[in-house]
Amino acid sequence: MFRHGLKSVAACAVALAFSGIVQAQDSEVTQLRRELRELQERMQALEKRLQEAESHPAASAAPPSQSSGLAAFNPAISAILAGSYNNFSQDPDLYRLSGFPLASDVGPGRRGFSLGESELTFSANVDHKFAGVLTFSMNADNQVEVEEAFGTFNGAPFGIVPKFGRFLSAAGYLNEQHAHTWDFADTPLAYQAFLGGQYRTDGVQARWVAPTEHYVELGAELGNGAAFPGTPRNKNGVGSTVLFARTGGDVGESHNWLAGLSFLDTRAEERPDTIVGALGDDMPASFTGKSRTLGAQFVWKYAPNGNPTRTNLKLQGEYFWRKESGDLMAVGVPIEGDPNAGPFSARQSGGYVQGVYQFVPMWRAGLRYDRLDAGDRSAFNPQRATAMIDWSPSEFSRVRLQFARARLAPDLTDNEFFVQYILSLGAHGAHKY
Amino acid sequence: MKTFIRIVLAALLASALTAHAALSIFATVPEWGALSQELGGDKVKVYVATTALQDPHRIEARPSLIARARAADLVVATGAELEVGWLPLVLQQTGKSASGPGYFEATANVPLLDKPAKLDRSEGDVHPFGDPHIQTDARNIGKVATALAQRMSELDKANAAFYQQRLQDFQSRWSAAVAKWEQQAAPLKGQPIVVQHKGFTYLAHWLGLREIAALEPKPGIEPTTAHLAEVLSLLQKQPAKMVLRAAYQGDQSSQWLAQRTKINVVTLPFTVGGTPGAKDLFGLFDDTIDRLLKGAQ
């Protein structure tokens with residue numbers, strides 16, 4: 001009985017002890033579970049924070065470095081480096097266009113290696129009403145000139161955009177574009193003959209885009225008239241007037257075009273010219289009178305689906321008609337003594353057509369044909385044919401080869417070969433159409 | 001003569017009245033055009049300057065864009081210098097300001113990724129403010145929508161309640177769609193991909209795709225044979241299922257790669273209108289995810 005009782009006590013004790021162990025184990029397991037759960041929760045919280053950080057990188061990244069207060073308002077600066085190797089069969093000093101008076105700085109450039117026009121442009125908003133642009137150009141002769149320096153005003157009514165200072169005139173399509181964006185290394189002959197290379201004026205411009213779905217733009221410029229075909233004149237008031245009108249649009253997604261008319265009205269006083277003397281030779285003369293030039297422009301661009309990245313084609317042509325009337329006088333010869341001198345009137349015209357095709361990415365090829373009609377002033381009509389190919393590894397660089405055969409005068413045919421580079425540094429400029 | 005003048009005046013008046021009947025919006029790229037239309041309904045007139053088949057980096061300030069921007073009450077742009085090559089010129093020529101209420105930048109409402117640590121053109125056509133192609137992450141569209149509806153309400157106060165109501169409607173449909181797309185795209189998480197142009201950073205970030213290489217040696221520079229060979233040897237060590245190409249890009253380089261390695265060329269719409277399926281913003285992502293899932297198989 002006792003033994004039995006002892007046995008049962010022992011069994012009870014064992015059972016108790018065992019249950020204690022089990023209980024202890026149970027509590028350890030729960031504690032472990034709890035710890036595990038806590039760990040899991042902490043990991044989840046960390047993962048969430050990581051995800052948040054990843055989805056808001058700007059918020060977690062260091063704030064963008066701020067430049068110091070003085071530099072923060074610096075204008076956008078861009079520089080153009082341009083240069084060329086030129087090979088001409090004729091002496092550039094003898095350059096002339098038969099029957100056309102030329103501005104003093106018009107010519108093909110220098111022989112051999114030569115720096116082109118390097119440009120430095122600053123531009124910025126002045127305040128909430130004005131913006132300004134300043135472009136210096138430095139030519140190969142170490143001369144710095146102010147190519148453009150103008151302000152624009154954006155508070156004018158009716159959508160009129162005024163510009164004032166010195167700027168590239170809208171007297172032609174190519175005229176408004178800086179030399180480094182041209183598709184050929186030099187200007188068309190018509191620009192040399194009628195606009196002195198590129199017509200710039202000191203004055204004011206107002207342009208207005210009609211609030212219609214179709215593009216129509218009208219504009220006017222009043223200037224001092226100092227630039228060729230005008231001359232500087234010691235005079236108050238307006239020396240030159242330019243009027244222009246443009247229209248253009250899309251034809252489907254792949255084609256777009258621009259057409260325009262321009263009119264330049266200016267005056268020249270004692271502008272250097274030549275006159276055919278009694279012996280048939282050229283004699284220095286000077287012209288005083290009115291000069292009026294009408295221009296017509298047309299540009300057509302094509303890119304498959306409107307995406308010019310791989311291939312694109314640009315066709316463009318301009319034509320100018322000029323009428324000059326006044327007095328042409330041989331220098332140093334009294335008017336009475338010269339039968340050719342006196343009241344004078346001349347109608348001349350000329351233009352160019354060109355096409356540039358990008359056949360694979362980065363590579364373009366182009367052809368251009370120039371022709372001038374000297375009117376009564378010469379029986380010879382200058383003309384030129386040009387071919388070029390260029391390579392642009394990016395939109396900021398271009399290397400170009402160009403060959404032209406120019407028949408400038410009856411006794412002057414020039415073969416012109418150019419290797420040109422154009423590099424653009426700094427701020428990303430927007431290019432005109 | 002008098003009747004003629006009367007007719008001209010009446011026509012001018014009529015055009016002036018119709019011009020003000022709707023808020024006129026000029027969107028630089030199709031995604032913001034589509035979003036403006038979603039939010040504005042018949043109260044807005046939307047003009048989209050570019051199509052999905054055009055490279056948004058290389059647009060010209062062509063005459064039609066100047067005319068349309070001139071007539072617009074609101075210019076909706078991506079910003080972050082995506083349109084730097086043409087929009088400043090269009091705004092300047094039409095006397096508009098890039099800081100007034102009539103100018104809206106989508107990227108101002110979204111944190112930008114890939115802000116370059118080093119600004120140097122030898123690195124290609126880098127975007128100094130970060131990657132502007134934010135529309136490839138659907139969540140960004142929702143963020144831009146809120147800000148855009150706000151701007152539209154400010155400009156056209158008479159219809160403010162209408163825009164806000166349409167915004168609410170759009171947001172509820174959009175967040176449901178985003179949840180659906182995220183669920184569908186779950187198998188894409190961690191997938192290694194190759195891109196032709198670095199234009200899918202936001203998409204990869206959103207869906208967890210791993211971008212291992214780009215076919216362009218530098219952003220904006222056309223793929224070269226030498227660089228493609230490098231990508232090919234990388235892929236032999238570290239294979240990827242697909243190479244992503246935007247609809248506007250040429251397919252030569254991605255096909256070149258596909259012929260030499262087992263990789264699927266996936267043409268993504270990139271924006272509204274890039275593929276037949278991407279008819280609107282919803283279609284854009286339906287089609288994008290669909291094409292990605294097929295490419296990953």
# chains A, B, ... in the order shown; residues from 1 in each chain; ligands from 1

$ closest_atom_pairs --of "chain A" --to "chain B" --cutoff "9 Å" --atoms "only C-alpha atoms" --output "Markdown table"
| residue | atom | partner | partner_atom | distance |
| --- | --- | --- | --- | --- |
| A:Glu54 | CA | B:His205 | CA | 8.7 |
| A:Ser55 | CA | B:His205 | CA | 8.0 |
| A:His56 | CA | B:Pro111 | CA | 6.3 |
| A:Pro57 | CA | B:Leu113 | CA | 6.8 |
| A:Ala58 | CA | B:Pro111 | CA | 5.5 |
| A:Ala59 | CA | B:Pro111 | CA | 7.5 |
| A:His128 | CA | B:Ser97 | CA | 8.5 |
| A:Thr152 | CA | B:Gln92 | CA | 8.8 |
| A:Phe153 | CA | B:Gly95 | CA | 8.0 |
| A:Asn154 | CA | B:Gly95 | CA | 5.2 |
| A:Gly155 | CA | B:Gly95 | CA | 7.7 |
| A:Ala156 | CA | B:Gly95 | CA | 8.0 |
| A:Gly159 | CA | B:Gly95 | CA | 5.9 |
| A:Ile160 | CA | B:Gly95 | CA | 6.8 |
| A:Val161 | CA | B:Gly95 | CA | 5.4 |
| A:Pro162 | CA | B:Gly95 | CA | 8.8 |
| A:Arg207 | CA | B:Gln93 | CA | 8.3 |
| A:Trp208 | CA | B:Thr94 | CA | 7.5 |
| A:Val209 | CA | B:Thr94 | CA | 6.4 |
| A:Ala210 | CA | B:Ala67 | CA | 7.2 |
| A:Pro211 | CA | B:Ala71 | CA | 5.1 |
| A:Thr212 | CA | B:Ala67 | CA | 6.4 |
| A:Glu213 | CA | B:Ala67 | CA | 5.7 |
| A:His214 | CA | B:Ala67 | CA | 6.0 |
| A:Tyr215 | CA | B:Ala67 | CA | 4.7 |
| A:Val216 | CA | B:Ala67 | CA | 7.3 |
| A:Glu217 | CA | B:Ala67 | CA | 8.7 |
| A:Thr247 | CA | B:Pro63 | CA | 7.3 |
| A:Gly248 | CA | B:Pro63 | CA | 5.4 |
| A:Gly249 | CA | B:Ser64 | CA | 4.8 |
| A:Asp250 | CA | B:Ser64 | CA | 6.4 |
| A:Glu253 | CA | B:Thr51 | CA | 8.4 |
| A:Asn256 | CA | B:Arg62 | CA | 7.3 |
| A:Trp257 | CA | B:Pro63 | CA | 7.5 |
| A:Leu258 | CA | B:Pro63 | CA | 6.8 |
| A:Asn305 | CA | B:Leu53 | CA | 6.4 |
| A:Gly306 | CA | B:Gln54 | CA | 6.0 |
| A:Asn307 | CA | B:Gln54 | CA | 4.5 |
| A:Pro308 | CA | B:Arg58 | CA | 7.2 |
| A:Thr309 | CA | B:Arg58 | CA | 7.0 |
| A:Arg310 | CA | B:Gly250 | CA | 7.8 |
| A:Pro361 | CA | B:Glu222 | CA | 7.4 |
| A:Met362 | CA | B:Glu222 | CA | 8.6 |
| A:Pro393 | CA | B:Ile221 | CA | 7.5 |
| A:Ser394 | CA | B:Ile221 | CA | 6.8 |
| A:Glu395 | CA | B:Asp125 | CA | 9.0 |
| A:Phe396 | CA | B:Arg121 | CA | 8.9 |
| A:Leu425 | CA | B:Arg121 | CA | 8.8 |
| A:Gly426 | CA | B:Arg121 | CA | 8.9 |
| A:His428 | CA | B:Val84 | CA | 7.2 |
| A:Gly429 | CA | B:Gly85 | CA | 6.6 |
| A:Ala430 | CA | B:Gly85 | CA | 4.3 |
| A:His431 | CA | B:Gly85 | CA | 6.7 |
| A:Lys432 | CA | B:Ala61 | CA | 6.4 |
| A:Tyr433 | CA | B:Ala61 | CA | 5.4 |

$ write_last_selection --atoms "C-alpha atoms" --output "JSON list (two decimals), in the first residue's frame"
[["chain", "number", "residue", "atom", "x", "y", "z"],
["A", 54, "GLU", "CA", 14.20, 54.79, -52.97],
["A", 55, "SER", "CA", 10.99, 56.24, -54.31],
["A", 56, "HIS", "CA", 11.87, 59.75, -53.16],
["A", 57, "PRO", "CA", 15.52, 60.01, -54.07],
["A", 58, "ALA", "CA", 15.38, 63.78, -54.30],
["A", 59, "ALA", "CA", 14.03, 64.03, -50.79],
["A", 128, "HIS", "CA", 10.12, 90.17, -65.45],
["A", 152, "THR", "CA", 13.53, 92.33, -75.80],
["A", 153, "PHE", "CA", 10.41, 93.38, -73.93],
["A", 154, "ASN", "CA", 7.70, 90.85, -73.13],
["A", 155, "GLY", "CA", 5.08, 93.16, -71.69],
["A", 156, "ALA", "CA", 3.84, 94.68, -74.95],
["A", 159, "GLY", "CA", 1.37, 89.90, -78.54],
["A", 160, "ILE", "CA", 3.81, 92.33, -80.12],
["A", 161, "VAL", "CA", 7.44, 91.44, -79.43],
["A", 162, "PRO", "CA", 9.73, 94.50, -79.46],
["A", 207, "ARG", "CA", 7.20, 91.60, -84.71],
["A", 208, "TRP", "CA", 3.77, 90.18, -84.28],
["A", 209, "VAL", "CA", 2.47, 86.66, -84.73],
["A", 210, "ALA", "CA", -1.20, 86.59, -85.69],
["A", 211, "PRO", "CA", -3.36, 84.73, -83.15],
["A", 212, "THR", "CA", -4.49, 82.25, -85.77],
["A", 213, "GLU", "CA", -3.88, 78.53, -86.15],
["A", 214, "HIS", "CA", -2.01, 79.19, -89.35],
["A", 215, "TYR", "CA", 1.34, 80.91, -88.89],
["A", 216, "VAL", "CA", 1.43, 84.50, -90.08],
["A", 217, "GLU", "CA", 4.08, 86.86, -88.78],
["A", 247, "THR", "CA", 3.88, 82.40, -93.24],
["A", 248, "GLY", "CA", 4.33, 78.66, -93.01],
["A", 249, "GLY", "CA", 2.91, 75.43, -91.73],
["A", 250, "ASP", "CA", 2.91, 71.67, -91.78],
["A", 253, "GLU", "CA", 3.58, 65.03, -90.11],
["A", 256, "ASN", "CA", 6.84, 71.69, -93.01],
["A", 257, "TRP", "CA", 7.61, 74.94, -94.76],
["A", 258, "LEU", "CA", 8.18, 78.65, -94.38],
["A", 305, "ASN", "CA", 7.37, 61.07, -89.48],
["A", 306, "GLY", "CA", 8.77, 64.45, -88.54],
["A", 307, "ASN", "CA", 11.71, 62.78, -86.80],
["A", 308, "PRO", "CA", 14.94, 64.26, -88.21],
["A", 309, "THR", "CA", 17.26, 62.13, -86.08],
["A", 310, "ARG", "CA", 18.17, 59.60, -88.77],
["A", 361, "PRO", "CA", 22.89, 59.95, -88.60],
["A", 362, "MET", "CA", 25.66, 62.54, -88.18],
["A", 393, "PRO", "CA", 29.10, 63.68, -83.90],
["A", 394, "SER", "CA", 26.71, 65.64, -81.68],
["A", 395, "GLU", "CA", 24.65, 68.77, -82.06],
["A", 396, "PHE", "CA", 27.54, 70.73, -80.55],
["A", 425, "LEU", "CA", 30.58, 75.38, -75.89],
["A", 426, "GLY", "CA", 28.42, 76.18, -72.94],
["A", 428, "HIS", "CA", 22.51, 74.90, -75.10],
["A", 429, "GLY", "CA", 21.12, 77.41, -77.56],
["A", 430, "ALA", "CA", 17.85, 76.93, -79.39],
["A", 431, "HIS", "CA", 18.17, 77.10, -83.16],
["A", 432, "LYS", "CA", 15.82, 79.04, -85.36],
["A", 433, "TYR", "CA", 13.73, 77.13, -87.88]]

$ select_by_dssp --residues "range 117-177 of chain B" --states "alpha helix (DSSP H)" --output "JSON list (two decimals) with N, CA and C atoms, in the first residue's frame"
[["chain", "number", "residue", "atom", "x", "y", "z"],
["B", 138, "ALA", "N", 3.83, 55.27, -64.10],
["B", 138, "ALA", "CA", 2.42, 55.68, -64.07],
["B", 138, "ALA", "C", 2.09, 56.52, -62.84],
["B", 139, "ARG", "N", 2.81, 56.29, -61.74],
["B", 139, "ARG", "CA", 2.50, 57.06, -60.52],
["B", 139, "ARG", "C", 2.78, 58.54, -60.72],
["B", 140, "ASN", "N", 3.78, 58.85, -61.59],
["B", 140, "ASN", "CA", 4.10, 60.26, -61.86],
["B", 140, "ASN", "C", 2.95, 60.97, -62.58],
["B", 141, "ILE", "N", 2.24, 60.23, -63.43],
["B", 141, "ILE", "CA", 1.12, 60.84, -64.17],
["B", 141, "ILE", "C", 0.09, 61.36, -63.17],
["B", 142, "GLY", "N", -0.18, 60.58, -62.13],
["B", 142, "GLY", "CA", -1.13, 60.98, -61.11],
["B", 142, "GLY", "C", -0.69, 62.26, -60.40],
["B", 143, "LYS", "N", 0.61, 62.33, -60.08],
["B", 143, "LYS", "CA", 1.13, 63.52, -59.39],
["B", 143, "LYS", "C", 0.99, 64.76, -60.28],
["B", 144, "VAL", "N", 1.34, 64.60, -61.56],
["B", 144, "VAL", "CA", 1.26, 65.74, -62.47],
["B", 144, "VAL", "C", -0.20, 66.15, -62.66],
["B", 145, "ALA", "N", -1.10, 65.17, -62.68],
["B", 145, "ALA", "CA", -2.52, 65.45, -62.90],
["B", 145, "ALA", "C", -3.05, 66.43, -61.86],
["B", 146, "THR", "N", -2.71, 66.19, -60.58],
["B", 146, "THR", "CA", -3.20, 67.05, -59.51],
["B", 146, "THR", "C", -2.75, 68.49, -59.73],
["B", 147, "ALA", "N", -1.45, 68.66, -60.04],
["B", 147, "ALA", "CA", -0.91, 70.01, -60.23],
["B", 147, "ALA", "C", -1.49, 70.66, -61.48],
["B", 148, "LEU", "N", -1.68, 69.87, -62.52],
["B", 148, "LEU", "CA", -2.17, 70.43, -63.78],
["B", 148, "LEU", "C", -3.63, 70.88, -63.64],
["B", 149, "ALA", "N", -4.44, 70.06, -62.96],
["B", 149, "ALA", "CA", -5.84, 70.44, -62.75],
["B", 149, "ALA", "C", -5.93, 71.72, -61.93],
["B", 150, "GLN", "N", -5.01, 71.84, -60.97],
["B", 150, "GLN", "CA", -4.96, 73.05, -60.15],
["B", 150, "GLN", "C", -4.70, 74.27, -61.03],
["B", 151, "ARG", "N", -3.70, 74.14, -61.94],
["B", 151, "ARG", "CA", -3.34, 75.25, -62.81],
["B", 151, "ARG", "C", -4.48, 75.60, -63.77],
["B", 152, "MET", "N", -5.13, 74.55, -64.29],
["B", 152, "MET", "CA", -6.25, 74.79, -65.20],
["B", 152, "MET", "C", -7.38, 75.51, -64.47],
["B", 153, "SER", "N", -7.61, 75.15, -63.22],
["B", 153, "SER", "CA", -8.66, 75.79, -62.43],
["B", 153, "SER", "C", -8.33, 77.25, -62.19],
["B", 154, "GLU", "N", -7.02, 77.54, -61.97],
["B", 154, "GLU", "CA", -6.63, 78.94, -61.74],
["B", 154, "GLU", "C", -6.84, 79.78, -63.00],
["B", 155, "LEU", "N", -6.51, 79.20, -64.15],
["B", 155, "LEU", "CA", -6.61, 79.96, -65.40],
["B", 155, "LEU", "C", -8.04, 80.12, -65.87],
["B", 160, "ALA", "N", -13.56, 75.79, -62.77],
["B", 160, "ALA", "CA", -12.69, 75.19, -61.76],
["B", 160, "ALA", "C", -13.32, 73.93, -61.15],
["B", 161, "ALA", "N", -14.60, 74.03, -60.81],
["B", 161, "ALA", "CA", -15.26, 72.88, -60.17],
["B", 161, "ALA", "C", -15.30, 71.69, -61.13],
["B", 162, "PHE", "N", -15.51, 72.01, -62.39],
["B", 162, "PHE", "CA", -15.55, 70.96, -63.41],
["B", 162, "PHE", "C", -14.21, 70.22, -63.48],
["B", 163, "TYR", "N", -13.09, 71.00, -63.51],
["B", 163, "TYR", "CA", -11.76, 70.37, -63.59],
["B", 163, "TYR", "C", -11.48, 69.53, -62.35],
["B", 164, "GLN", "N", -11.87, 70.06, -61.17],
["B", 164, "GLN", "CA", -11.60, 69.33, -59.94],
["B", 164, "GLN", "C", -12.39, 68.03, -59.89],
["B", 165, "GLN", "N", -13.62, 68.10, -60.39],
["B", 165, "GLN", "CA", -14.45, 66.90, -60.40],
["B", 165, "GLN", "C", -13.86, 65.85, -61.34],
["B", 166, "ARG", "N", -13.39, 66.34, -62.52],
["B", 166, "ARG", "CA", -12.78, 65.41, -63.47],
["B", 166, "ARG", "C", -11.49, 64.84, -62.93],
["B", 167, "LEU", "N", -10.76, 65.67, -62.15],
["B", 167, "LEU", "CA", -9.52, 65.20, -61.55],
["B", 167, "LEU", "C", -9.81, 64.05, -60.59],
["B", 168, "GLN", "N", -10.84, 64.24, -59.74],
["B", 168, "GLN", "CA", -11.19, 63.20, -58.77],
["B", 168, "GLN", "C", -11.55, 61.90, -59.48],
["B", 169, "ASP", "N", -12.34, 62.06, -60.51],
["B", 169, "ASP", "CA", -12.76, 60.89, -61.28],
["B", 169, "ASP", "C", -11.55, 60.20, -61.90],
["B", 170, "PHE", "N", -10.66, 61.03, -62.49],
["B", 170, "PHE", "CA", -9.47, 60.47, -63.12],
["B", 170, "PHE", "C", -8.60, 59.77, -62.09],
["B", 171, "GLN", "N", -8.38, 60.42, -60.93],
["B", 171, "GLN", "CA", -7.49, 59.85, -59.92],
["B", 171, "GLN", "C", -8.01, 58.51, -59.41],
["B", 172, "SER", "N", -9.34, 58.40, -59.24],
["B", 172, "SER", "CA", -9.84, 57.12, -58.70],
["B", 172, "SER", "C", -9.65, 56.01, -59.74],
["B", 173, "ARG", "N", -9.91, 56.34, -61.03],
["B", 173, "ARG", "CA", -9.68, 55.33, -62.06],
["B", 173, "ARG", "C", -8.19, 55.02, -62.19],
["B", 174, "TRP", "N", -7.38, 56.10, -62.08],
["B", 174, "TRP", "CA", -5.94, 55.93, -62.28],
["B", 174, "TRP", "C", -5.32, 55.08, -61.17],
["B", 175, "SER", "N", -5.70, 55.35, -59.89],
["B", 175, "SER", "CA", -5.04, 54.59, -58.82],
["B", 175, "SER", "C", -5.46, 53.13, -58.89],
["B", 176, "ALA", "N", -6.68, 52.87, -59.32],
["B", 176, "ALA", "CA", -7.09, 51.47, -59.49],
["B", 176, "ALA", "C", -6.27, 50.82, -60.59],
["B", 177, "ALA", "N", -6.06, 51.59, -61.68],
["B", 177, "ALA", "CA", -5.29, 51.05, -62.80],
["B", 177, "ALA", "C", -3.84, 50.81, -62.40]]

$ select_by_dssp --residues "range 224-408 of chain A" --states "strand (DSSP E or B)" --output "PyMOL selection string"
chain A and resi 240-251+255-276+282-302+312-330+342-360+363-373+383-391+397-408

$ atom_distance --atom1 "CA of Thr267 in chain B" --atom2 "CA of Arg364 in chain A"
28.1 Å

$ residues_around --residues "Met388 in chain A" --least-positions-apart "2" --cutoff "8 Å" --atoms "only C-alpha atoms" --output "JSON, numbers by chain"
{"A": [184, 365, 366, 367, 386, 390, 400, 401, 402, 403]}

$ write_last_selection --atoms "N, CA and C atoms" --output "mmCIF file, in the first residue's frame"
data_model
loop_
_atom_site.group_PDB
_atom_site.id
_atom_site.type_symbol
_atom_site.label_atom_id
_atom_site.label_comp_id
_atom_site.auth_asym_id
_atom_site.auth_seq_id
_atom_site.Cartn_x
_atom_site.Cartn_y
_atom_site.Cartn_z
ATOM 1 N N PHE A 184 26.363 76.036 -95.165
ATOM 2 C CA PHE A 184 27.582 76.113 -95.972
ATOM 3 C C PHE A 184 28.571 77.038 -95.263
ATOM 4 N N ALA A 365 25.000 65.947 -96.647
ATOM 5 C CA ALA A 365 25.611 66.402 -97.890
ATOM 6 C C ALA A 365 24.719 67.484 -98.470
ATOM 7 N N GLY A 366 25.324 68.462 -99.132
ATOM 8 C CA GLY A 366 24.513 69.561 -99.655
ATOM 9 C C GLY A 366 25.037 70.108 -100.960
ATOM 10 N N LEU A 367 24.129 70.669 -101.737
ATOM 11 C CA LEU A 367 24.463 71.342 -102.992
ATOM 12 C C LEU A 367 23.836 72.725 -102.970
ATOM 13 N N THR A 386 28.254 74.956 -105.559
ATOM 14 C CA THR A 386 28.944 74.550 -104.331
ATOM 15 C C THR A 386 28.463 73.174 -103.904
ATOM 16 N N ASP A 390 29.216 67.332 -94.424
ATOM 17 C CA ASP A 390 29.657 67.598 -93.053
ATOM 18 C C ASP A 390 29.297 66.467 -92.102
ATOM 19 N N ARG A 400 33.335 70.246 -91.639
ATOM 20 C CA ARG A 400 32.744 70.350 -92.971
ATOM 21 C C ARG A 400 33.808 70.449 -94.048
ATOM 22 N N LEU A 401 33.561 69.784 -95.161
ATOM 23 C CA LEU A 401 34.362 69.948 -96.362
ATOM 24 C C LEU A 401 33.480 70.618 -97.388
ATOM 25 N N GLN A 402 34.024 71.602 -98.084
ATOM 26 C CA GLN A 402 33.208 72.300 -99.071
ATOM 27 C C GLN A 402 34.048 72.650 -100.282
ATOM 28 N N PHE A 403 33.454 72.475 -101.442
ATOM 29 C CA PHE A 403 34.138 72.864 -102.664
ATOM 30 C C PHE A 403 33.196 73.718 -103.494
#
